[in-house]
Amino acid sequence: MSRGDSPSVETRRPDRAALIIAVVLALIAGVIFWDVSRLTGLAGYSQVGPTTVPYAIACCLIVLAIWTAVEGFRGDFAEREPQQFGPVAWVVGGLAAQMLLLNTLGFSIATGILFAMTARGFGKRQLWLTIPFGIVASFVVWTIFAKVLQLSLPAGPLERLLF
């Protein structure tokens, strides 16, 4: 056996994005633990109280943070494609537009614009088609939630015109 014939082992560096995600998960778990520790409502006759589910969620987040950190140090995550910021900007812009327009234009129009901008981010370039489709689909959702289920969603001119 010669020493030069051994296959080269490629070592991967730790995945910084995975390590950042692990830290963020641990921070969120820490905030949940801190917030739940301030609750005064203890369990009554059973051991289940208002702190049980948040503690369970925080514990799950800690487990996910540890798991993500271990995988990040091992470098076991698949190689990612480079991030394209154009589609992300369309989706984030749609979310911002919905938040800004929700109280003035109502649920249907604001969410229809969100739908169209998200569709544009995913490659559907025909805004003239996706905006009306999104408004109609959002109006159907508003009707179900506001009229059938009696839940409060912001009404705009379209909702006031038809109801």
# chains A, B, ... in the order shown; residues from 1 in each chain; ligands from 1
call {"tool": "residues_around", "arguments": {"residues": "A:Arg125", "least_positions_apart": "6", "cutoff": "10 Å", "atoms": "only C-alpha atoms", "output": "compact mmCIF listing (two decimals) with C-alpha atoms, in the first residue's frame"}}
result
# COMPACT_ATOMS: atom_id res chain seq x y z
CA ALA A 116 -50.32 39.53 -6.32
CA MET A 117 -46.93 40.70 -5.06
CA ALA A 119 -47.16 35.65 -6.92
call {"tool": "residues_around", "arguments": {"residues": "A:Phe33", "least_positions_apart": "4", "cutoff": "10 Å", "atoms": "only C-alpha atoms", "output": "JSON, numbers by chain"}}
result
{"A": [27, 28, 29, 37, 38, 51, 54, 55, 56, 57, 58, 59]}
call {"tool": "atom_distance", "arguments": {"atom1": "atom CA of A:Trp142", "atom2": "atom CA of A:Leu129"}}
result
20.1 Å
call {"tool": "residues_around", "arguments": {"residues": "A:Gly86", "least_positions_apart": "4", "cutoff": "12 Å", "atoms": "only C-alpha atoms", "output": "PyMOL selection string"}}
result
chain A and resi 90-93+117-118+120-123
call {"tool": "write_last_selection", "arguments": {"atoms": "C-alpha atoms", "output": "PDB file, in the first residue's frame"}}
result
ATOM      1  CA  TRP A  90     -41.522  41.375  -3.724  1.00  0.00           C
ATOM      2  CA  VAL A  91     -42.828  39.190  -0.881  1.00  0.00           C
ATOM      3  CA  VAL A  92     -41.600  41.539   1.870  1.00  0.00           C
ATOM      4  CA  GLY A  93     -42.985  44.508  -0.068  1.00  0.00           C
ATOM      5  CA  MET A 117     -46.928  40.696  -5.058  1.00  0.00           C
ATOM      6  CA  THR A 118     -46.165  37.254  -3.624  1.00  0.00           C
ATOM      7  CA  ARG A 120     -44.852  38.136  -8.675  1.00  0.00           C
ATOM      8  CA  GLY A 121     -42.048  37.113  -6.329  1.00  0.00           C
ATOM      9  CA  PHE A 122     -42.616  33.500  -7.329  1.00  0.00           C
ATOM     10  CA  GLY A 123     -42.458  34.344 -11.026  1.00  0.00           C
TER      11      GLY A 123
END
call {"tool": "residues_around", "arguments": {"residues": "A:Asp15", "least_positions_apart": "3", "cutoff": "9 Å", "atoms": "only C-alpha atoms", "output": "number ranges by chain"}}
result
A: 12, 18-20, 69, 71-77
call {"tool": "closest_residue", "arguments": {"among": "A:Gln150, A:Gln98, A:Thr68, A:Ser108", "to": "A:Pro132", "atoms": "only C-alpha atoms"}}
result
A:Ser108
call {"tool": "closest_residue", "arguments": {"among": "A:Leu127, A:Leu39, A:Val24, A:Leu102", "to": "A:Leu61", "atoms": "only C-alpha atoms"}}
result
A:Val24
call {"tool": "select_by_dssp", "arguments": {"residues": "stretch 4-151 of chain A", "states": "helix (DSSP H, G or I)", "output": "JSON, numbers by chain"}}
result
{"A": [4, 5, 16, 17, 18, 19, 20, 21, 22, 23, 24, 25, 26, 27, 28, 29, 30, 31, 32, 33, 34, 35, 36, 37, 52, 53, 54, 55, 56, 57, 58, 59, 60, 61, 62, 63, 64, 65, 66, 67, 68, 69, 70, 71, 72, 73, 74, 85, 86, 87, 88, 89, 90, 91, 92, 93, 94, 95, 96, 97, 98, 99, 100, 101, 102, 103, 104, 105, 106, 107, 108, 109, 110, 111, 112, 113, 114, 115, 116, 117, 118, 119, 120, 121, 127, 128, 129, 130, 131, 132, 133, 134, 135, 136, 137, 138, 139, 140, 141, 142, 143, 144, 145, 146, 147, 148]}
call {"tool": "atom_distance", "arguments": {"atom1": "atom CA of A:Leu162", "atom2": "atom CA of A:Gly94"}}
result
25.1 Å
call {"tool": "residues_around", "arguments": {"residues": "A:Thr111", "least_positions_apart": "2", "cutoff": "7 Å", "atoms": "only C-alpha atoms", "output": "PDB file with N, CA, C and O atoms, in the first residue's frame"}}
result
ATOM      1  N   GLN A  98     -49.559  45.250   2.699  1.00  0.00           N
ATOM      2  CA  GLN A  98     -50.764  44.784   3.386  1.00  0.00           C
ATOM      3  C   GLN A  98     -50.904  45.451   4.754  1.00  0.00           C
ATOM      4  O   GLN A  98     -51.979  45.901   5.134  1.00  0.00           O
ATOM      5  N   PHE A 107     -59.541  44.421   4.244  1.00  0.00           N
ATOM      6  CA  PHE A 107     -58.887  43.118   4.147  1.00  0.00           C
ATOM      7  C   PHE A 107     -58.772  42.631   2.708  1.00  0.00           C
ATOM      8  O   PHE A 107     -57.718  42.163   2.290  1.00  0.00           O
ATOM      9  N   SER A 108     -59.843  42.719   1.951  1.00  0.00           N
ATOM     10  CA  SER A 108     -59.862  42.122   0.609  1.00  0.00           C
ATOM     11  C   SER A 108     -58.846  42.759  -0.328  1.00  0.00           C
ATOM     12  O   SER A 108     -58.071  42.058  -0.989  1.00  0.00           O
ATOM     13  N   ILE A 109     -58.827  44.071  -0.392  1.00  0.00           N
ATOM     14  CA  ILE A 109     -57.924  44.749  -1.323  1.00  0.00           C
ATOM     15  C   ILE A 109     -56.474  44.617  -0.852  1.00  0.00           C
ATOM     16  O   ILE A 109     -55.584  44.310  -1.641  1.00  0.00           O
ATOM     17  N   ILE A 113     -53.551  42.545  -2.856  1.00  0.00           N
ATOM     18  CA  ILE A 113     -52.256  43.107  -3.283  1.00  0.00           C
ATOM     19  C   ILE A 113     -51.116  42.248  -2.754  1.00  0.00           C
ATOM     20  O   ILE A 113     -50.141  41.984  -3.475  1.00  0.00           O
ATOM     21  N   LEU A 114     -51.230  41.794  -1.515  1.00  0.00           N
ATOM     22  CA  LEU A 114     -50.222  40.873  -0.973  1.00  0.00           C
ATOM     23  C   LEU A 114     -50.128  39.614  -1.832  1.00  0.00           C
ATOM     24  O   LEU A 114     -49.034  39.151  -2.161  1.00  0.00           O
ATOM     25  N   PHE A 115     -51.277  39.052  -2.200  1.00  0.00           N
ATOM     26  CA  PHE A 115     -51.292  37.857  -3.046  1.00  0.00           C
ATOM     27  C   PHE A 115     -50.585  38.102  -4.370  1.00  0.00           C
ATOM     28  O   PHE A 115     -49.742  37.309  -4.809  1.00  0.00           O
ATOM     29  N   ILE A 135     -57.851  39.753  -4.996  1.00  0.00           N
ATOM     30  CA  ILE A 135     -58.909  40.505  -4.309  1.00  0.00           C
ATOM     31  C   ILE A 135     -60.171  39.656  -4.196  1.00  0.00           C
ATOM     32  O   ILE A 135     -60.804  39.613  -3.132  1.00  0.00           O
ATOM     33  N   SER A 138     -59.553  36.892  -1.639  1.00  0.00           N
ATOM     34  CA  SER A 138     -59.507  37.484  -0.300  1.00  0.00           C
ATOM     35  C   SER A 138     -60.896  37.911   0.156  1.00  0.00           C
ATOM     36  O   SER A 138     -61.221  37.811   1.345  1.00  0.00           O
TER      37      SER A 138
END
call {"tool": "closest_residue", "arguments": {"among": "A:Leu149, A:Pro87, A:Ala110, A:Thr143", "to": "A:Lys124", "atoms": "only C-alpha atoms"}}
result
A:Pro87
call {"tool": "atom_distance", "arguments": {"atom1": "atom CA of A:Leu153", "atom2": "atom CA of A:Leu100"}}
result
14.8 Å
